[in-house]
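Chemist: For reference, the file my_file_13.cif (mmCIF, C-alpha atoms and all ligand atoms; chains and numbers go by the auth columns) is included below:
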data_my_file
#
loop_
_atom_site.group_PDB
_atom_site.id
_atom_site.type_symbol
_atom_site.label_atom_id
_atom_site.label_comp_id
_atom_site.label_asym_id
_atom_site.label_seq_id
_atom_site.Cartn_x
_atom_site.Cartn_y
_atom_site.Cartn_z
_atom_site.B_iso_or_equiv
_atom_site.auth_seq_id
_atom_site.auth_asym_id
ATOM 1 C CA MET A 1 -10.706 16.878 -12.107 0.00 17 A
ATOM 2 C CA ALA A 2 -7.811 15.957 -9.818 0.00 18 A
ATOM 3 C CA LEU A 3 -7.378 12.224 -9.355 0.00 19 A
ATOM 4 C CA ILE A 4 -8.144 12.381 -5.634 0.00 20 A
ATOM 5 C CA ASP A 5 -11.389 14.294 -6.285 0.00 21 A
ATOM 6 C CA ASP A 6 -12.358 11.746 -8.905 0.00 22 A
ATOM 7 C CA ILE A 7 -11.707 8.940 -6.396 0.00 23 A
ATOM 8 C CA LEU A 8 -13.856 10.628 -3.739 0.00 24 A
ATOM 9 C CA ALA A 9 -16.706 11.231 -6.180 0.00 25 A
ATOM 10 C CA THR A 10 -16.551 7.612 -7.344 0.00 26 A
ATOM 11 C CA ASN A 11 -16.570 6.456 -3.738 0.00 27 A
ATOM 12 C CA GLU A 12 -19.650 8.463 -2.854 0.00 28 A
ATOM 13 C CA ASN A 13 -21.530 6.834 -5.679 0.00 29 A
ATOM 14 C CA PHE A 14 -20.105 3.390 -4.834 0.00 30 A
ATOM 15 C CA CYS A 15 -21.264 3.526 -1.206 0.00 31 A
ATOM 16 C CA ALA A 16 -24.675 4.904 -2.147 0.00 32 A
ATOM 17 C CA ASN A 17 -25.187 1.889 -4.405 0.00 33 A
ATOM 18 C CA LEU A 18 -23.053 -0.765 -2.695 0.00 34 A
ATOM 19 C CA PRO A 19 -22.936 -3.740 -5.071 0.00 35 A
ATOM 20 C CA GLU A 20 -24.558 -6.920 -3.712 0.00 36 A
ATOM 21 C CA GLU A 21 -21.230 -8.803 -3.750 0.00 37 A
ATOM 22 C CA TYR A 22 -19.747 -6.402 -1.175 0.00 38 A
ATOM 23 C CA LYS A 23 -22.609 -6.525 1.319 0.00 39 A
ATOM 24 C CA ALA A 24 -21.318 -9.557 3.281 0.00 40 A
ATOM 25 C CA TYR A 25 -19.794 -7.428 6.055 0.00 41 A
ATOM 26 C CA GLU A 26 -22.153 -4.477 5.793 0.00 42 A
ATOM 27 C CA HIS A 27 -23.693 -5.005 9.224 0.00 43 A
ATOM 28 C CA GLU A 28 -20.997 -7.201 10.719 0.00 44 A
ATOM 29 C CA ASP A 29 -18.573 -5.588 13.119 0.00 45 A
ATOM 30 C CA HIS A 30 -17.180 -8.335 15.322 0.00 46 A
ATOM 31 C CA HIS A 31 -13.632 -9.657 15.615 0.00 47 A
ATOM 32 C CA ASP A 32 -14.358 -12.868 13.662 0.00 48 A
ATOM 33 C CA SER A 33 -14.958 -10.975 10.445 0.00 49 A
ATOM 34 C CA LYS A 34 -11.308 -9.892 10.501 0.00 50 A
ATOM 35 C CA ILE A 35 -9.977 -13.447 10.850 0.00 51 A
ATOM 36 C CA PRO A 36 -8.783 -14.726 7.462 0.00 52 A
ATOM 37 C CA LYS A 37 -11.018 -17.723 6.698 0.00 53 A
ATOM 38 C CA LYS A 38 -8.200 -19.677 5.040 0.00 54 A
ATOM 39 C CA LYS A 39 -5.721 -18.790 7.842 0.00 55 A
ATOM 40 C CA LEU A 40 -3.484 -17.569 5.043 0.00 56 A
ATOM 41 C CA ALA A 41 -1.215 -14.557 4.603 0.00 57 A
ATOM 42 C CA ILE A 42 -0.019 -13.649 1.129 0.00 58 A
ATOM 43 C CA LEU A 43 3.176 -11.649 0.710 0.00 59 A
ATOM 44 C CA ALA A 44 3.186 -10.345 -2.846 0.00 60 A
ATOM 45 C CA CYS A 45 4.764 -7.624 -4.987 0.00 61 A
ATOM 46 C CA MET A 46 2.997 -4.300 -5.506 0.00 62 A
ATOM 47 C CA ASP A 47 2.986 -4.802 -9.311 0.00 63 A
ATOM 48 C CA THR A 48 -0.115 -3.073 -10.733 0.00 64 A
ATOM 49 C CA ARG A 49 -0.934 -5.989 -13.023 0.00 65 A
ATOM 50 C CA THR A 50 -1.545 -8.263 -10.037 0.00 66 A
ATOM 51 C CA THR A 51 -4.274 -5.998 -8.629 0.00 67 A
ATOM 52 C CA LEU A 52 -7.666 -7.757 -8.930 0.00 68 A
ATOM 53 C CA PHE A 53 -5.821 -10.570 -10.741 0.00 69 A
ATOM 54 C CA LEU A 54 -3.667 -12.501 -8.255 0.00 70 A
ATOM 55 C CA GLU A 55 -6.462 -13.256 -5.770 0.00 71 A
ATOM 56 C CA PRO A 56 -9.018 -14.573 -8.298 0.00 72 A
ATOM 57 C CA ALA A 57 -6.203 -16.582 -9.936 0.00 73 A
ATOM 58 C CA MET A 58 -5.736 -18.276 -6.525 0.00 74 A
ATOM 59 C CA GLY A 59 -9.411 -18.664 -5.656 0.00 75 A
ATOM 60 C CA ILE A 60 -8.986 -16.176 -2.812 0.00 76 A
ATOM 61 C CA LYS A 61 -12.132 -14.271 -1.947 0.00 77 A
ATOM 62 C CA ARG A 62 -12.810 -11.274 0.271 0.00 78 A
ATOM 63 C CA GLY A 63 -12.302 -12.344 3.887 0.00 79 A
ATOM 64 C CA ASP A 64 -10.083 -15.329 3.037 0.00 80 A
ATOM 65 C CA ALA A 65 -6.562 -13.989 3.515 0.00 81 A
ATOM 66 C CA LYS A 66 -4.305 -11.204 4.712 0.00 82 A
ATOM 67 C CA VAL A 67 -2.546 -9.654 1.713 0.00 83 A
ATOM 68 C CA ILE A 68 0.719 -7.820 2.332 0.00 84 A
ATOM 69 C CA LYS A 69 2.432 -6.087 -0.545 0.00 85 A
ATOM 70 C CA THR A 70 5.983 -4.802 -0.718 0.00 86 A
ATOM 71 C CA VAL A 71 8.026 -3.943 -3.777 0.00 87 A
ATOM 72 C CA GLY A 72 9.475 -7.185 -5.152 0.00 88 A
ATOM 73 C CA ASN A 73 7.771 -8.992 -2.222 0.00 89 A
ATOM 74 C CA CYS A 74 11.034 -8.225 -0.436 0.00 90 A
ATOM 75 C CA VAL A 75 11.724 -8.819 3.228 0.00 91 A
ATOM 76 C CA THR A 76 15.080 -7.446 4.314 0.00 92 A
ATOM 77 C CA GLY A 77 15.333 -8.459 7.954 0.00 93 A
ATOM 78 C CA PHE A 78 13.808 -10.368 10.859 0.00 94 A
ATOM 79 C CA PHE A 79 11.839 -7.278 11.994 0.00 95 A
ATOM 80 C CA ASP A 80 11.095 -5.777 8.576 0.00 96 A
ATOM 81 C CA THR A 81 7.722 -4.015 8.150 0.00 97 A
ATOM 82 C CA ALA A 82 6.387 -7.046 6.278 0.00 98 A
ATOM 83 C CA VAL A 83 7.353 -9.222 9.261 0.00 99 A
ATOM 84 C CA LYS A 84 5.462 -6.874 11.592 0.00 100 A
ATOM 85 C CA SER A 85 2.359 -7.402 9.431 0.00 101 A
ATOM 86 C CA LEU A 86 2.935 -11.159 9.512 0.00 102 A
ATOM 87 C CA MET A 87 3.305 -11.076 13.315 0.00 103 A
ATOM 88 C CA VAL A 88 -0.126 -9.469 13.693 0.00 104 A
ATOM 89 C CA ALA A 89 -1.548 -11.856 11.081 0.00 105 A
ATOM 90 C CA ILE A 90 -0.172 -14.862 13.009 0.00 106 A
ATOM 91 C CA TYR A 91 -0.529 -13.869 16.651 0.00 107 A
ATOM 92 C CA GLU A 92 -3.706 -11.775 16.518 0.00 108 A
ATOM 93 C CA LEU A 93 -5.542 -13.204 13.533 0.00 109 A
ATOM 94 C CA GLY A 94 -4.714 -16.909 13.448 0.00 110 A
ATOM 95 C CA VAL A 95 -2.693 -17.159 10.238 0.00 111 A
ATOM 96 C CA MET A 96 -1.037 -20.590 9.912 0.00 112 A
ATOM 97 C CA GLU A 97 0.319 -20.445 6.357 0.00 113 A
ATOM 98 C CA ILE A 98 2.270 -17.817 4.443 0.00 114 A
ATOM 99 C CA ALA A 99 2.511 -17.726 0.658 0.00 115 A
ATOM 100 C CA VAL A 100 5.455 -15.680 -0.601 0.00 116 A
ATOM 101 C CA ILE A 101 4.508 -14.799 -4.166 0.00 117 A
ATOM 102 C CA GLY A 102 6.985 -13.267 -6.567 0.00 118 A
ATOM 103 C CA HIS A 103 6.234 -12.665 -10.205 0.00 119 A
ATOM 104 C CA GLU A 104 7.842 -12.816 -13.623 0.00 120 A
ATOM 105 C CA GLU A 105 8.885 -9.498 -15.170 0.00 121 A
ATOM 106 C CA CYS A 106 9.349 -7.863 -11.756 0.00 122 A
ATOM 107 C CA GLY A 107 10.509 -4.252 -11.925 0.00 123 A
ATOM 108 C CA MET A 108 12.961 -4.881 -9.082 0.00 124 A
ATOM 109 C CA GLN A 109 15.205 -6.732 -11.549 0.00 125 A
ATOM 110 C CA LYS A 110 15.961 -3.427 -13.239 0.00 126 A
ATOM 111 C CA THR A 111 16.003 -1.290 -10.104 0.00 127 A
ATOM 112 C CA THR A 112 19.468 -0.712 -8.676 0.00 128 A
ATOM 113 C CA SER A 113 20.978 1.425 -5.929 0.00 129 A
ATOM 114 C CA GLU A 114 22.512 3.475 -8.745 0.00 130 A
ATOM 115 C CA SER A 115 19.235 4.086 -10.614 0.00 131 A
ATOM 116 C CA LEU A 116 17.446 5.003 -7.382 0.00 132 A
ATOM 117 C CA THR A 117 20.268 7.267 -6.202 0.00 133 A
ATOM 118 C CA LYS A 118 20.344 9.090 -9.545 0.00 134 A
ATOM 119 C CA ALA A 119 16.576 9.625 -9.510 0.00 135 A
ATOM 120 C CA MET A 120 16.571 10.756 -5.879 0.00 136 A
ATOM 121 C CA LEU A 121 19.344 13.297 -6.473 0.00 137 A
ATOM 122 C CA ALA A 122 17.476 14.621 -9.531 0.00 138 A
ATOM 123 C CA ARG A 123 14.383 15.111 -7.332 0.00 139 A
ATOM 124 C CA GLY A 124 16.273 17.124 -4.773 0.00 140 A
ATOM 125 C CA ILE A 125 16.945 14.505 -2.113 0.00 141 A
ATOM 126 C CA SER A 126 20.010 15.466 -0.139 0.00 142 A
ATOM 127 C CA PRO A 127 23.182 13.375 -0.578 0.00 143 A
ATOM 128 C CA ASP A 128 23.359 13.146 3.231 0.00 144 A
ATOM 129 C CA ALA A 129 19.963 11.458 3.372 0.00 145 A
ATOM 130 C CA ILE A 130 21.025 9.012 0.670 0.00 146 A
ATOM 131 C CA LYS A 131 24.278 8.332 2.496 0.00 147 A
ATOM 132 C CA MET A 132 22.194 7.404 5.548 0.00 148 A
ATOM 133 C CA VAL A 133 20.646 4.434 3.716 0.00 149 A
ATOM 134 C CA GLU A 134 23.489 3.676 1.305 0.00 150 A
ATOM 135 C CA LYS A 135 24.384 0.256 2.709 0.00 151 A
ATOM 136 C CA GLU A 136 20.770 -0.952 3.009 0.00 152 A
ATOM 137 C CA LEU A 137 19.965 0.462 -0.422 0.00 153 A
ATOM 138 C CA LYS A 138 22.786 -1.563 -2.000 0.00 154 A
ATOM 139 C CA GLU A 139 21.973 -4.782 -0.142 0.00 155 A
ATOM 140 C CA TRP A 140 18.282 -4.613 -0.998 0.00 156 A
ATOM 141 C CA ALA A 141 18.140 -3.144 -4.519 0.00 157 A
ATOM 142 C CA ASP A 142 21.338 -4.662 -5.911 0.00 158 A
ATOM 143 C CA GLY A 143 20.638 -7.963 -4.169 0.00 159 A
ATOM 144 C CA PHE A 144 17.497 -8.559 -6.238 0.00 160 A
ATOM 145 C CA LYS A 145 18.660 -10.374 -9.364 0.00 161 A
ATOM 146 C CA ASP A 146 15.934 -12.888 -10.144 0.00 162 A
ATOM 147 C CA PRO A 147 12.307 -13.074 -8.908 0.00 163 A
ATOM 148 C CA GLU A 148 12.406 -16.842 -8.324 0.00 164 A
ATOM 149 C CA GLN A 149 15.674 -16.662 -6.386 0.00 165 A
ATOM 150 C CA ASN A 150 14.212 -13.775 -4.389 0.00 166 A
ATOM 151 C CA VAL A 151 11.193 -15.931 -3.457 0.00 167 A
ATOM 152 C CA ARG A 152 13.611 -18.643 -2.242 0.00 168 A
ATOM 153 C CA ASP A 153 15.591 -16.063 -0.250 0.00 169 A
ATOM 154 C CA VAL A 154 12.470 -14.580 1.376 0.00 170 A
ATOM 155 C CA VAL A 155 11.059 -18.029 2.236 0.00 171 A
ATOM 156 C CA LYS A 156 14.419 -18.946 3.799 0.00 172 A
ATOM 157 C CA LEU A 157 14.547 -15.701 5.792 0.00 173 A
ATOM 158 C CA LEU A 158 10.988 -16.178 7.109 0.00 174 A
ATOM 159 C CA LYS A 159 11.703 -19.815 8.016 0.00 175 A
ATOM 160 C CA GLU A 160 14.755 -18.664 9.978 0.00 176 A
ATOM 161 C CA ASP A 161 13.028 -15.654 11.530 0.00 177 A
ATOM 162 C CA PRO A 162 13.024 -16.196 15.310 0.00 178 A
ATOM 163 C CA LEU A 163 9.830 -14.113 15.579 0.00 179 A
ATOM 164 C CA ILE A 164 7.795 -16.528 13.438 0.00 180 A
ATOM 165 C CA PRO A 165 6.677 -19.791 15.065 0.00 181 A
ATOM 166 C CA LYS A 166 7.877 -23.057 13.549 0.00 182 A
ATOM 167 C CA ASP A 167 4.363 -24.443 13.026 0.00 183 A
ATOM 168 C CA VAL A 168 3.561 -21.739 10.463 0.00 184 A
ATOM 169 C CA LYS A 169 4.112 -23.021 6.931 0.00 185 A
ATOM 170 C CA VAL A 170 5.937 -20.796 4.440 0.00 186 A
ATOM 171 C CA HIS A 171 5.439 -21.611 0.755 0.00 187 A
ATOM 172 C CA GLY A 172 7.092 -19.989 -2.250 0.00 188 A
ATOM 173 C CA LEU A 173 5.311 -19.260 -5.534 0.00 189 A
ATOM 174 C CA LEU A 174 5.932 -17.383 -8.747 0.00 190 A
ATOM 175 C CA PHE A 175 3.060 -15.647 -10.551 0.00 191 A
ATOM 176 C CA HIS A 176 2.891 -14.667 -14.197 0.00 192 A
ATOM 177 C CA PRO A 177 1.313 -11.171 -14.310 0.00 193 A
ATOM 178 C CA ARG A 178 -0.056 -11.644 -17.836 0.00 194 A
ATOM 179 C CA SER A 179 -1.142 -15.298 -18.066 0.00 195 A
ATOM 180 C CA GLY A 180 -2.119 -15.620 -14.386 0.00 196 A
ATOM 181 C CA LYS A 181 -0.159 -18.879 -14.073 0.00 197 A
ATOM 182 C CA LEU A 182 1.167 -19.784 -10.640 0.00 198 A
ATOM 183 C CA LYS A 183 4.333 -21.848 -10.402 0.00 199 A
ATOM 184 C CA LEU A 184 5.252 -23.655 -7.203 0.00 200 A
ATOM 185 C CA VAL A 185 8.763 -22.688 -6.101 0.00 201 A
ATOM 186 C CA SER A 186 8.784 -24.416 -2.721 0.00 202 A
ATOM 187 C CA LYS A 187 6.128 -26.203 -0.686 0.00 203 A
ATOM 188 C CA ASP A 188 6.326 -26.352 3.102 0.00 204 A
ATOM 189 C CA GLU A 189 5.054 -29.814 4.117 0.00 205 A
HETATM 190 ZN ZN ZN B . 7.289 -6.894 -8.880 0.00 1 B
#
For the structure just supplied, provide its representation as structure tokens.

Modeler:
Amino acid sequence: MALIDDILATNENFCANLPEEYKAYEHEDHHDSKIPKKKLAILACMDTRTTLFLEPAMGIKRGDAKVIKTVGNCVTGFFDTAVKSLMVAIYELGVMEIAVIGHEECGMQKTTSESLTKAMLARGISPDAIKMVEKELKEWADGFKDPEQNVRDVVKLLKEDPLIPKDVKVHGLLFHPRSGKLKLVSKDE
């Protein structure tokens, strides 16, 4: 069975027997149910080990927070896609605190513009298309050296972002994807 068919079959069964723990919003369809209860947005890496692990490790439950995931929890500019998500989280949904959460053993440490370029060429991507993003590719992929430093860089960028209001706190944290330990990198008082 193709993966997507398996997913759809699983979903049909899931919805037909919706577990009790997921019934909180079953009949609720008003704006308030979309407001994160903790007024928190989490910007984390897409690492597979953090799925269903990071939130419970933080005591975050369904409905508590907006969770945005980008590779390496990277933000590369003041109007980056992650910033667009944060803008909606802040201005439409009342978020007052942002937690930038990197993690140990992040795959971005080993990802370089060279490794990506090689793989893209091997998959038939045209050199012209790669040339189009060459500068950004280098700045982003080669700029990621250390997950903790990256958290500091992203926190700094968000604090300086003119699109984010000054009363929104931006904290930095580092997660261990195997032990579940959270280390405080920087706390916004
Ligand atoms: Zn990662």

Chemist: Let me make sure I understand: among A:Ile141, A:Met62, A:Leu190, A:Val184, which one has the smallest atom-to-atom distance to ligand ZN 1 (chain B) if we use only C-alpha atoms and all ligand atoms?

Modeler: A:Met62

Chemist: Could you check which of A:Val186, A:Ile20, A:Ile117, A:Met136 is closest to ligand ZN 1 (chain B), using all atoms listed in the file?

Modeler: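 Using all atoms listed in the file, ligand ZN 1 (chain B) sits closest to A:Ile117.
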
Chemist: Show me which residues are within 8 Å of ligand ZN 1 (chain B) counting all atoms listed in the file, and format the list as a count of residues only.

Modeler: 14

Chemist: What separation in Å, quoted to one decimal, exists between CA of His192 in chain A and CA of Val91 in chain A?

Modeler: 20.4 Å

Chemist: With only C-alpha atoms as the atoms that count, which of A:Ile76, A:Leu70, A:Phe95, A:Tyr38 lies nearest to Glu176 in chain A?

Modeler: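 Comparing A:Ile76, A:Leu70, A:Phe95, A:Tyr38 against Glu176 in chain A, the winner is A:Phe95.
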
Chemist: Counting only C-alpha atoms, which of A:Lys199, A:Lys100, A:Lys182, A:Lys77 gets nearest to Met112 in chain A?

Modeler: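 Among the listed residues, A:Lys182 lies closest to Met112 in chain A.
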
Chemist: Quick one: pull the distance between CA of Tyr107 in chain A and CA of Ile180 in chain A, Å, one decimal.

Modeler: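 Rounded to one decimal, the two atoms are 9.3 Å apart.
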
Chemist: Might you spell out which residues the PyMOL selection byres (((chain A and resi 171) around 7) and not hetatm) would select in the displayed file, as a list of chain:residue names?

Modeler: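 That selection, the PyMOL selection byres (((chain A and resi 171) around 7) and not hetatm), comes back as A:Val116, A:Val167, A:Arg168, A:Asp169, A:Val170, A:Lys172, A:Leu173, A:Leu174, A:Lys175, A:Val186, A:His187, A:Gly188.
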
Chemist: List the neighbours of Val99 in chain A out to 10 Å using all atoms listed in the file; skip same-chain residues closer than 5 positions along the sequence, and give me the result as a ChimeraX atom specification.

Modeler: /A:59,84,91-94,104-105,174,177,179-180

Chemist: Tell me, in Å to one decimal, how far CA of Gln125 in chain A is from CA of Trp156 in chain A.

Modeler: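 Atom-to-atom, CA of Gln125 in chain A and CA of Trp156 in chain A are spaced 11.2 Å apart.
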
Chemist: List as a PyMOL selection string the protein and nucleic acid residues near Phe69 in chain A, meaning an atom at most 10 Å away when all atoms listed in the file are counted, but skip any in the same chain fewer than 3 places from it.

Modeler: chain A and resi 64-66+72-74+193-196

Chemist: Please rebuild range 168-195 of chain A with N, CA and C atoms and return the result as a PDB file, keeping the file's coordinate frame.

Modeler:
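Contents of the output file result01.pdb:
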ATOM      1  N   ARG A 168      12.878 -17.659  -3.073  1.00  0.00           N
ATOM      2  CA  ARG A 168      13.611 -18.643  -2.242  1.00  0.00           C
ATOM      3  C   ARG A 168      14.291 -17.953  -1.051  1.00  0.00           C
ATOM      4  N   ASP A 169      14.897 -16.795  -1.319  1.00  0.00           N
ATOM      5  CA  ASP A 169      15.591 -16.063  -0.250  1.00  0.00           C
ATOM      6  C   ASP A 169      14.619 -15.598   0.833  1.00  0.00           C
ATOM      7  N   VAL A 170      13.451 -15.091   0.398  1.00  0.00           N
ATOM      8  CA  VAL A 170      12.470 -14.580   1.376  1.00  0.00           C
ATOM      9  C   VAL A 170      11.872 -15.738   2.185  1.00  0.00           C
ATOM     10  N   VAL A 171      11.582 -16.849   1.515  1.00  0.00           N
ATOM     11  CA  VAL A 171      11.059 -18.029   2.236  1.00  0.00           C
ATOM     12  C   VAL A 171      12.082 -18.467   3.286  1.00  0.00           C
ATOM     13  N   LYS A 172      13.348 -18.516   2.888  1.00  0.00           N
ATOM     14  CA  LYS A 172      14.419 -18.946   3.799  1.00  0.00           C
ATOM     15  C   LYS A 172      14.505 -17.998   4.999  1.00  0.00           C
ATOM     16  N   LEU A 173      14.465 -16.688   4.715  1.00  0.00           N
ATOM     17  CA  LEU A 173      14.547 -15.701   5.792  1.00  0.00           C
ATOM     18  C   LEU A 173      13.377 -15.860   6.768  1.00  0.00           C
ATOM     19  N   LEU A 174      12.163 -16.049   6.231  1.00  0.00           N
ATOM     20  CA  LEU A 174      10.988 -16.178   7.109  1.00  0.00           C
ATOM     21  C   LEU A 174      11.057 -17.477   7.918  1.00  0.00           C
ATOM     22  N   LYS A 175      11.577 -18.536   7.296  1.00  0.00           N
ATOM     23  CA  LYS A 175      11.703 -19.815   8.016  1.00  0.00           C
ATOM     24  C   LYS A 175      12.718 -19.698   9.153  1.00  0.00           C
ATOM     25  N   GLU A 176      13.710 -18.832   8.950  1.00  0.00           N
ATOM     26  CA  GLU A 176      14.755 -18.664   9.978  1.00  0.00           C
ATOM     27  C   GLU A 176      14.423 -17.554  10.965  1.00  0.00           C
ATOM     28  N   ASP A 177      13.363 -16.796  10.671  1.00  0.00           N
ATOM     29  CA  ASP A 177      13.028 -15.654  11.530  1.00  0.00           C
ATOM     30  C   ASP A 177      12.603 -16.130  12.922  1.00  0.00           C
ATOM     31  N   PRO A 178      13.348 -15.723  13.958  1.00  0.00           N
ATOM     32  CA  PRO A 178      13.024 -16.196  15.310  1.00  0.00           C
ATOM     33  C   PRO A 178      11.694 -15.661  15.839  1.00  0.00           C
ATOM     34  N   LEU A 179      11.104 -14.690  15.131  1.00  0.00           N
ATOM     35  CA  LEU A 179       9.830 -14.113  15.579  1.00  0.00           C
ATOM     36  C   LEU A 179       8.634 -14.856  15.001  1.00  0.00           C
ATOM     37  N   ILE A 180       8.886 -15.775  14.074  1.00  0.00           N
ATOM     38  CA  ILE A 180       7.795 -16.528  13.438  1.00  0.00           C
ATOM     39  C   ILE A 180       7.821 -17.964  13.957  1.00  0.00           C
ATOM     40  N   PRO A 181       6.679 -18.441  14.468  1.00  0.00           N
ATOM     41  CA  PRO A 181       6.677 -19.791  15.065  1.00  0.00           C
ATOM     42  C   PRO A 181       6.882 -20.885  14.024  1.00  0.00           C
ATOM     43  N   LYS A 182       7.484 -21.976  14.466  1.00  0.00           N
ATOM     44  CA  LYS A 182       7.877 -23.057  13.549  1.00  0.00           C
ATOM     45  C   LYS A 182       6.690 -23.802  12.942  1.00  0.00           C
ATOM     46  N   ASP A 183       5.509 -23.708  13.576  1.00  0.00           N
ATOM     47  CA  ASP A 183       4.363 -24.443  13.026  1.00  0.00           C
ATOM     48  C   ASP A 183       3.641 -23.679  11.916  1.00  0.00           C
ATOM     49  N   VAL A 184       4.138 -22.489  11.585  1.00  0.00           N
ATOM     50  CA  VAL A 184       3.561 -21.739  10.463  1.00  0.00           C
ATOM     51  C   VAL A 184       4.298 -22.151   9.183  1.00  0.00           C
ATOM     52  N   LYS A 185       3.503 -22.585   8.192  1.00  0.00           N
ATOM     53  CA  LYS A 185       4.112 -23.021   6.931  1.00  0.00           C
ATOM     54  C   LYS A 185       4.418 -21.818   6.039  1.00  0.00           C
ATOM     55  N   VAL A 186       5.560 -21.874   5.355  1.00  0.00           N
ATOM     56  CA  VAL A 186       5.937 -20.796   4.440  1.00  0.00           C
ATOM     57  C   VAL A 186       6.199 -21.395   3.050  1.00  0.00           C
ATOM     58  N   HIS A 187       5.298 -21.097   2.118  1.00  0.00           N
ATOM     59  CA  HIS A 187       5.439 -21.611   0.755  1.00  0.00           C
ATOM     60  C   HIS A 187       5.981 -20.516  -0.164  1.00  0.00           C
ATOM     61  N   GLY A 188       6.600 -20.932  -1.252  1.00  0.00           N
ATOM     62  CA  GLY A 188       7.092 -19.989  -2.250  1.00  0.00           C
ATOM     63  C   GLY A 188       6.421 -20.224  -3.592  1.00  0.00           C
ATOM     64  N   LEU A 189       5.978 -19.149  -4.229  1.00  0.00           N
ATOM     65  CA  LEU A 189       5.311 -19.260  -5.534  1.00  0.00           C
ATOM     66  C   LEU A 189       5.761 -18.139  -6.467  1.00  0.00           C
ATOM     67  N   LEU A 190       5.604 -18.395  -7.743  1.00  0.00           N
ATOM     68  CA  LEU A 190       5.932 -17.383  -8.747  1.00  0.00           C
ATOM     69  C   LEU A 190       4.721 -17.204  -9.663  1.00  0.00           C
ATOM     70  N   PHE A 191       4.274 -15.957  -9.797  1.00  0.00           N
ATOM     71  CA  PHE A 191       3.060 -15.647 -10.551  1.00  0.00           C
ATOM     72  C   PHE A 191       3.428 -15.016 -11.884  1.00  0.00           C
ATOM     73  N   HIS A 192       2.667 -15.358 -12.918  1.00  0.00           N
ATOM     74  CA  HIS A 192       2.891 -14.667 -14.197  1.00  0.00           C
ATOM     75  C   HIS A 192       1.843 -13.562 -14.323  1.00  0.00           C
ATOM     76  N   PRO A 193       2.259 -12.285 -14.373  1.00  0.00           N
ATOM     77  CA  PRO A 193       1.313 -11.171 -14.310  1.00  0.00           C
ATOM     78  C   PRO A 193       0.481 -10.972 -15.565  1.00  0.00           C
ATOM     79  N   ARG A 194       0.768 -11.773 -16.627  1.00  0.00           N
ATOM     80  CA  ARG A 194      -0.056 -11.644 -17.836  1.00  0.00           C
ATOM     81  C   ARG A 194      -0.929 -12.875 -18.041  1.00  0.00           C
ATOM     82  N   SER A 195      -0.355 -14.076 -17.849  1.00  0.00           N
ATOM     83  CA  SER A 195      -1.142 -15.298 -18.066  1.00  0.00           C
ATOM     84  C   SER A 195      -1.924 -15.697 -16.815  1.00  0.00           C
TER      85      SER A 195
END
